[in-house]
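Structure file start_26.txt; described as compact mmCIF, C-alpha atoms.
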# COMPACT_ATOMS: atom_id res chain seq x y z
CA MET A 1 138.43 -93.86 -74.26
CA THR A 2 137.96 -91.64 -77.29
CA THR A 3 138.86 -87.93 -77.46
CA VAL A 4 135.17 -86.97 -77.39
CA ASP A 5 134.61 -89.11 -74.28
CA ARG A 6 137.56 -87.44 -72.57
CA LEU A 7 136.19 -83.98 -73.40
CA LYS A 8 132.76 -84.93 -72.03
CA LEU A 9 134.40 -86.24 -68.85
CA ILE A 10 136.30 -82.96 -68.43
CA PHE A 11 133.08 -80.99 -68.98
CA CYS A 12 131.20 -83.00 -66.33
CA SER A 13 134.13 -82.81 -63.87
CA ILE A 14 134.20 -79.02 -64.11
CA ALA A 15 130.45 -78.89 -63.43
CA LEU A 16 130.89 -81.11 -60.35
CA VAL A 17 133.69 -78.90 -59.01
CA LEU A 18 131.58 -75.77 -59.46
CA PHE A 19 128.60 -77.32 -57.68
CA THR A 20 130.89 -78.26 -54.79
CA ALA A 21 132.24 -74.69 -54.65
CA SER A 22 128.65 -73.43 -54.59
CA ASP A 23 127.82 -75.56 -51.54
CA LEU A 24 130.94 -74.46 -49.65
CA GLN A 25 130.49 -70.77 -50.35
CA GLY A 26 126.75 -70.88 -49.73
CA GLN A 27 127.37 -71.85 -46.10
CA ASP A 28 128.79 -68.37 -45.45
CA ASN A 29 126.27 -66.29 -47.41
CA THR A 30 122.56 -65.52 -47.26
CA MET A 31 120.35 -64.89 -50.27
CA GLY A 32 117.96 -62.40 -48.74
CA LYS A 33 119.61 -59.12 -49.76
CA ASP A 34 118.44 -58.18 -53.23
CA SER A 35 120.89 -55.25 -53.30
CA LEU A 36 123.83 -57.67 -53.48
CA TYR A 37 122.79 -59.02 -56.87
CA ALA A 38 124.48 -57.58 -59.96
CA ASN A 39 121.92 -55.85 -62.18
CA PHE A 40 124.22 -55.96 -65.22
CA ILE A 41 127.08 -58.26 -66.20
CA PHE A 42 129.54 -57.71 -69.03
CA ASP A 43 132.36 -60.12 -69.75
CA SER A 44 135.17 -60.21 -72.29
CA LYS A 45 137.03 -63.45 -72.96
CA PHE A 46 139.70 -65.18 -74.99
CA LEU A 47 138.33 -68.37 -76.60
CA ILE A 48 139.63 -71.64 -77.97
CA GLY A 49 137.23 -73.51 -80.24
CA ILE A 50 137.74 -77.30 -80.23
CA PRO A 51 135.79 -79.09 -83.00
CA ILE A 52 134.28 -82.39 -81.84
CA ASN A 53 132.34 -85.31 -83.34
CA GLU A 54 131.96 -85.12 -87.17
CA PHE A 55 133.26 -81.55 -87.18
CA ARG A 56 136.62 -82.80 -85.89
CA GLU A 57 136.90 -85.31 -88.72
CA ASN A 58 136.86 -82.48 -91.28
CA LEU A 59 138.55 -79.74 -89.26
CA ASP A 60 141.49 -81.28 -87.43
CA GLN A 61 142.70 -78.10 -85.75
CA ASN A 62 141.57 -75.75 -83.00
CA ALA A 63 140.32 -72.22 -83.53
CA TRP A 64 141.03 -69.15 -81.40
CA GLY A 65 139.33 -65.83 -80.95
CA PHE A 66 137.50 -63.43 -78.66
CA GLY A 67 133.99 -62.98 -77.34
CA GLY A 68 131.78 -60.97 -75.06
CA THR A 69 128.49 -61.28 -73.18
CA LEU A 70 126.08 -58.61 -71.95
CA LEU A 71 123.41 -59.64 -69.43
CA TRP A 72 120.82 -57.91 -67.27
CA ARG A 73 119.07 -59.36 -64.24
CA LEU A 74 115.41 -60.35 -64.30
CA LYS A 75 114.57 -58.38 -61.14
CA LYS A 76 111.01 -59.65 -60.80
CA LEU A 77 112.40 -63.10 -59.99
CA ARG A 78 114.35 -61.58 -57.05
CA SER A 79 117.20 -63.96 -57.80
CA PRO A 80 120.43 -63.85 -59.82
CA VAL A 81 118.89 -64.92 -63.13
CA HIS A 82 120.25 -62.88 -66.04
CA LEU A 83 119.17 -62.68 -69.67
CA GLY A 84 121.13 -61.22 -72.56
CA ALA A 85 123.25 -62.01 -75.59
CA SER A 86 126.75 -63.23 -76.36
CA PHE A 87 128.84 -62.79 -79.48
CA SER A 88 132.17 -64.34 -80.41
CA TRP A 89 134.58 -64.63 -83.32
CA LEU A 90 136.92 -67.54 -84.03
CA THR A 91 139.47 -68.08 -86.78
CA TYR A 92 141.02 -71.45 -87.59
CA ASP A 93 143.22 -71.15 -90.70
CA ARG A 94 144.76 -68.67 -93.15
CA GLU A 95 146.77 -68.59 -96.38
CA SER A 96 148.41 -65.51 -97.90
CA ASP A 97 150.58 -64.20 -100.72
CA TRP A 98 151.75 -60.83 -102.09
CA ILE A 99 150.54 -59.21 -105.31
CA TRP A 100 150.92 -55.90 -107.13
CA LEU A 101 147.93 -53.60 -107.74
CA LEU A 102 147.47 -50.33 -109.63
CA ASP A 103 146.23 -47.21 -107.85
CA GLY A 104 144.05 -44.50 -109.42
CA ASP A 105 147.11 -42.75 -110.85
CA GLY A 106 148.47 -45.86 -112.55
CA PHE A 107 151.23 -46.53 -109.99
CA GLU A 108 151.87 -50.04 -108.74
CA TYR A 109 151.86 -50.87 -105.06
CA GLU A 110 152.25 -54.19 -103.24
CA VAL A 111 149.57 -55.64 -100.97
CA GLU A 112 149.23 -58.81 -98.94
CA ARG A 113 146.32 -61.01 -100.02
CA VAL A 114 145.07 -62.99 -97.01
CA THR A 115 142.39 -65.66 -97.14
CA ARG A 116 141.08 -66.53 -93.68
CA THR A 117 138.54 -69.13 -92.56
CA SER A 118 136.50 -67.91 -89.60
CA MET A 119 133.37 -68.37 -87.54
CA PHE A 120 131.06 -65.76 -85.99
CA MET A 121 128.61 -66.88 -83.31
CA GLY A 122 125.67 -65.13 -81.69
CA HIS A 123 123.55 -66.59 -78.91
CA LEU A 124 120.64 -65.58 -76.71
CA THR A 125 121.97 -66.35 -73.23
CA LEU A 126 120.31 -67.16 -69.90
CA ARG A 127 122.70 -67.22 -66.93
CA ILE A 128 121.89 -68.62 -63.49
CA VAL A 129 124.16 -67.81 -60.53
CA PRO A 130 123.44 -70.18 -57.59
CA ILE A 131 125.19 -67.88 -55.09
CA HIS A 132 126.12 -64.20 -55.13
CA ASN A 133 128.99 -61.89 -54.20
CA THR A 134 131.46 -64.55 -53.08
CA THR A 135 135.13 -65.25 -53.75
CA PHE A 136 134.34 -68.29 -55.91
CA GLN A 137 131.06 -67.79 -57.73
CA PRO A 138 129.93 -70.55 -60.11
CA TYR A 139 127.40 -69.93 -62.85
CA PHE A 140 125.55 -71.88 -65.51
CA GLU A 141 124.25 -70.74 -68.89
CA GLY A 142 121.87 -71.95 -71.55
CA LYS A 143 122.46 -70.69 -75.11
CA ILE A 144 120.54 -70.72 -78.36
CA GLY A 145 121.55 -68.94 -81.55
CA PHE A 146 123.64 -69.40 -84.69
CA LYS A 147 127.08 -70.07 -86.10
CA ASN A 148 128.19 -68.30 -89.28
CA LEU A 149 131.12 -70.10 -90.94
CA TYR A 150 132.70 -68.04 -93.70
CA THR A 151 135.84 -67.52 -95.77
CA ARG A 152 137.06 -64.02 -96.63
CA THR A 153 139.99 -62.68 -98.65
CA ASN A 154 141.39 -59.30 -97.56
CA TYR A 155 143.80 -57.14 -99.54
CA ILE A 156 146.05 -55.33 -97.05
CA ASP A 157 148.36 -52.41 -97.77
CA HIS A 158 150.86 -52.50 -94.92
CA GLU A 159 152.47 -49.23 -96.06
CA ASN A 160 149.25 -47.25 -95.57
CA PRO A 161 148.71 -46.52 -91.85
CA ASP A 162 145.41 -44.66 -92.44
CA PHE A 163 143.49 -47.30 -94.38
CA SER A 164 145.34 -50.59 -94.74
CA LEU A 165 142.35 -52.66 -95.93
CA VAL A 166 142.22 -52.04 -99.68
CA ASP A 167 139.48 -54.53 -100.61
CA THR A 168 137.74 -57.67 -99.39
CA ASP A 169 136.03 -60.64 -101.07
CA ILE A 170 133.65 -63.14 -99.48
CA GLU A 171 134.69 -66.56 -100.80
CA GLY A 172 131.84 -68.52 -99.21
CA GLY A 173 129.77 -68.90 -96.09
CA ASP A 174 126.92 -70.74 -94.39
CA PHE A 175 124.83 -70.58 -91.21
CA ALA A 176 124.19 -73.30 -88.63
CA PHE A 177 121.68 -73.44 -85.79
CA SER A 178 123.53 -73.52 -82.47
CA TYR A 179 122.58 -74.35 -78.89
CA GLY A 180 124.21 -75.60 -75.71
CA GLY A 181 125.35 -74.79 -72.21
CA VAL A 182 128.18 -73.26 -70.20
CA VAL A 183 129.67 -73.96 -66.78
CA GLY A 184 131.81 -71.16 -65.40
CA LEU A 185 133.47 -69.71 -62.34
CA THR A 186 134.25 -66.10 -61.41
CA ILE A 187 136.92 -65.33 -58.80
CA SER A 188 137.46 -62.15 -56.79
CA GLU A 189 138.17 -61.20 -53.17
CA ASP A 190 136.60 -57.77 -53.70
CA ARG A 191 133.04 -57.33 -52.38
CA ARG A 192 132.51 -53.71 -53.47
CA TRP A 193 130.36 -52.69 -56.44
CA PRO A 194 131.11 -52.54 -59.27
CA LEU A 195 133.00 -55.81 -59.28
CA ILE A 196 135.75 -56.96 -61.64
CA LYS A 197 136.20 -60.72 -61.52
CA PHE A 198 138.50 -63.25 -63.14
CA ASP A 199 136.31 -65.53 -65.26
CA ILE A 200 136.93 -69.08 -66.52
CA SER A 201 134.36 -71.26 -68.24
CA VAL A 202 133.79 -73.94 -70.84
CA ALA A 203 130.92 -74.08 -73.34
CA PHE A 204 129.49 -77.07 -75.16
CA LEU A 205 127.73 -75.90 -78.33
CA LYS A 206 125.87 -78.28 -80.60
CA GLY A 207 125.51 -77.13 -84.19
CA SER A 208 123.47 -78.19 -87.20
CA ALA A 209 125.13 -79.10 -90.50
CA ALA A 210 126.75 -76.37 -92.59
CA ASP A 211 129.14 -75.88 -95.51
CA TYR A 212 132.58 -74.50 -94.62
CA ASN A 213 136.12 -74.39 -96.00
CA VAL A 214 139.06 -76.32 -94.59
CA ARG A 215 142.65 -76.84 -95.68
CA SER A 216 142.66 -79.00 -98.82
CA GLU A 217 144.33 -82.40 -98.58
CA ASP A 218 145.41 -82.15 -102.23
CA PRO A 219 145.74 -78.46 -103.21
CA PRO A 220 146.70 -77.48 -106.75
CA ARG A 221 150.38 -76.91 -107.54
CA PRO A 222 151.19 -74.13 -107.77
CA ILE A 223 148.58 -72.30 -105.68
CA ILE A 224 147.54 -69.31 -107.82
CA GLU A 225 145.36 -67.63 -105.18
CA PRO A 226 145.29 -68.23 -101.40
CA VAL A 227 141.69 -69.48 -101.57
CA ASP A 228 142.92 -72.38 -103.76
CA ALA A 229 144.47 -73.89 -100.62
CA PHE A 230 141.00 -74.66 -99.23
CA GLU A 231 138.15 -76.99 -100.09
CA GLU A 232 134.51 -77.10 -99.01
CA ARG A 233 133.25 -79.67 -96.53
CA ASN A 234 129.91 -80.29 -94.79
CA SER A 235 129.08 -81.67 -91.35
CA VAL A 236 127.47 -80.82 -88.05
CA THR A 237 129.33 -78.02 -86.24
CA ASP A 238 129.73 -79.16 -82.62
CA LEU A 239 132.24 -77.22 -80.53
CA LEU A 240 133.81 -77.34 -77.09
CA VAL A 241 134.93 -73.81 -76.16
CA PRO A 242 137.22 -73.17 -73.15
CA GLN A 243 137.16 -69.46 -72.21
CA ILE A 244 139.18 -67.16 -69.96
CA GLY A 245 138.72 -63.45 -69.31
CA VAL A 246 137.20 -60.88 -66.96
CA SER A 247 133.64 -60.06 -65.89
CA PHE A 248 132.37 -56.63 -64.89
CA MET A 249 129.39 -56.67 -62.52
CA PHE A 250 127.47 -53.53 -61.56
Starting from the file, give its structure as structure tokens.
Amino acid sequence: MTTVDRLKLIFCSIALVLFTASDLQGQDNTMGKDSLYANFIFDSKFLIGIPINEFRENLDQNAWGFGGTLLWRLKKLRSPVHLGASFSWLTYDRESDWIWLLDGDGFEYEVERVTRTSMFMGHLTLRIVPIHNTTFQPYFEGKIGFKNLYTRTNYIDHENPDFSLVDTDIEGGDFAFSYGGVVGLTISEDRRWPLIKFDISVAFLKGSAADYNVRSEDPPRPIIEPVDAFEERNSVTDLLVPQIGVSFMF
């Protein structure tokens, strides 16, 4: 069994567990009380981005980052269907060195020059919650949006507490169309509004082809600038994204 097949099996197993939890919890709850539905949901999560398929062949390392989602309920449906947007940022590699710069008065000062490869994602999100206001509350999402893969070099003055970012250069970037789904589970014993729930989920996000930088297999010696440690590749941008965080429902 390949790594991709294992990841798909894990994804399907999580979905099966959540559907089972939905059936068990639904036996103790009724869906008739519209007042029990959350009108707004905001979540904040820590993310791990796992490249899969062709993306994994070029980028053989995981990314990490943070994300958030803001949703509001479509009240006319009188059911827990929420629509909104999600945004997340992932970084997967960096290279740095130290250089001397001149300030406006002609004095030298040392800064760290950091080149970082990152990804910013934005998606229109539709969330469906099969049950409401329970200890274990599964949910399912559909997403459509974009991935922005870019490389940026920042010049950081660590001795300046007021404004440490001296300058920044964009070394390259590209956009990819992105779509997919999420299976998740929120957990809380509290039934009072507003609710704060522990939130775990995994997203599968297909992505169209894009140009992006990865660690070079044969970098120049010596490396003159941090960006020299990277080279451009192109492939589809499929990701599996485990997520953990908290959801605020009110």
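The space separating CA of Ala210 (chain A) from CA of Leu149 (chain A) comes to 7.8 Å.
One finds CA of Leu90 (chain A) at 22.2 Å from CA of Phe140 (chain A).
Using all atoms listed in the file, the shortest contact distance between Phe40 (chain A) and any of A:Asp238, A:Tyr150, A:Pro194, A:Met121 is found at A:Pro194.
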Pick from A:Lys45, A:Arg233, A:Lys197, A:Arg215 nearest to Asp174 (chain A), counting all atoms listed in the file
A:Arg233
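Of the listed residues A:Asn148, A:Asn62, A:Asn160, A:Asn234, the one whose atoms come nearest to Glu110 (chain A) is A:Asn160, with distances taken using all atoms listed in the file.
The residues that lie within 12 Å of the point (137.5, -82.2, -86.3), counting only C-alpha atoms, are Thr3, Val4, Gly49, Ile50, Pro51, Ile52, Asn53, Glu54, Phe55, Arg56, Glu57, Asn58, Leu59, Asp60, Gln61, Asn62, Ala63, Tyr92, Val214, Arg215, Arg233, Asn234, Ser235, Val236, Thr237, Asp238, Leu239 and Leu240 of chain A.
Taking all atoms listed in the file into account, Ala38 (chain A) lies nearest to A:Val129 out of the set A:Ile244, A:Ala229, A:Ala85, A:Val129.
Among the candidates A:Leu71, A:Leu124, A:Ile48, A:Ile200, the one nearest to Ser178 (chain A) when counting only C-alpha atoms is A:Leu124.
Using only C-alpha atoms, the protein and nucleic acid residues lying no more than 7 Å from Phe177 (chain A), apart from those fewer than 5 places from it along its own chain, are Gly145, Phe146, Lys147, Gly207 and Ser208 of chain A.
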Restricting the calculation to all atoms listed in the file: of A:Trp100, A:Ile224, A:Val114, A:Ala209, which residue gets closest to Ile170 (chain A)?
A:Val114
Ser86 (chain A): which residues within 10 Å, counting only C-alpha atoms, same-chain residues fewer than 2 positions away excluded, as a PyMOL selection string?
chain A and resi 42-44+67-71+84+88+121-126+143-145
For Glu231 (chain A): contacts at 12 Å, only C-alpha atoms, fewer than 3 positions along chain excluded, given as a short mmCIF file (atom, residue, chain, number, x, y, z; two decimals) with C-alpha atoms, in the coordinates of the input:
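That gives us around31.cif:
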data_model
loop_
_atom_site.label_atom_id
_atom_site.label_comp_id
_atom_site.auth_asym_id
_atom_site.auth_seq_id
_atom_site.Cartn_x
_atom_site.Cartn_y
_atom_site.Cartn_z
CA ASN A 58 136.86 -82.48 -91.28
CA LEU A 59 138.55 -79.74 -89.26
CA THR A 117 138.54 -69.13 -92.56
CA THR A 151 135.84 -67.52 -95.77
CA GLU A 171 134.69 -66.56 -100.80
CA GLY A 172 131.84 -68.52 -99.21
CA ASP A 211 129.14 -75.88 -95.51
CA TYR A 212 132.58 -74.50 -94.62
CA ASN A 213 136.12 -74.39 -96.00
CA VAL A 214 139.06 -76.32 -94.59
CA ARG A 215 142.65 -76.84 -95.68
CA SER A 216 142.66 -79.00 -98.82
CA GLU A 217 144.33 -82.40 -98.58
CA ASP A 218 145.41 -82.15 -102.23
CA PRO A 219 145.74 -78.46 -103.21
CA PRO A 220 146.70 -77.48 -106.75
CA PRO A 226 145.29 -68.23 -101.40
CA VAL A 227 141.69 -69.48 -101.57
CA ASP A 228 142.92 -72.38 -103.76
CA ASN A 234 129.91 -80.29 -94.79
#
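Between CA of Pro242 (chain A) and CA of Gly180 (chain A) lies a distance of 13.5 Å.
Neighbourhood of point (132.5, -69.6, -64.8): residues with an atom at most 7 Å away, counting only C-alpha atoms, are Pro138, Tyr139, Val183, Gly184, Leu185, Thr186, Asp199, Ile200 and Ser201 of chain A.
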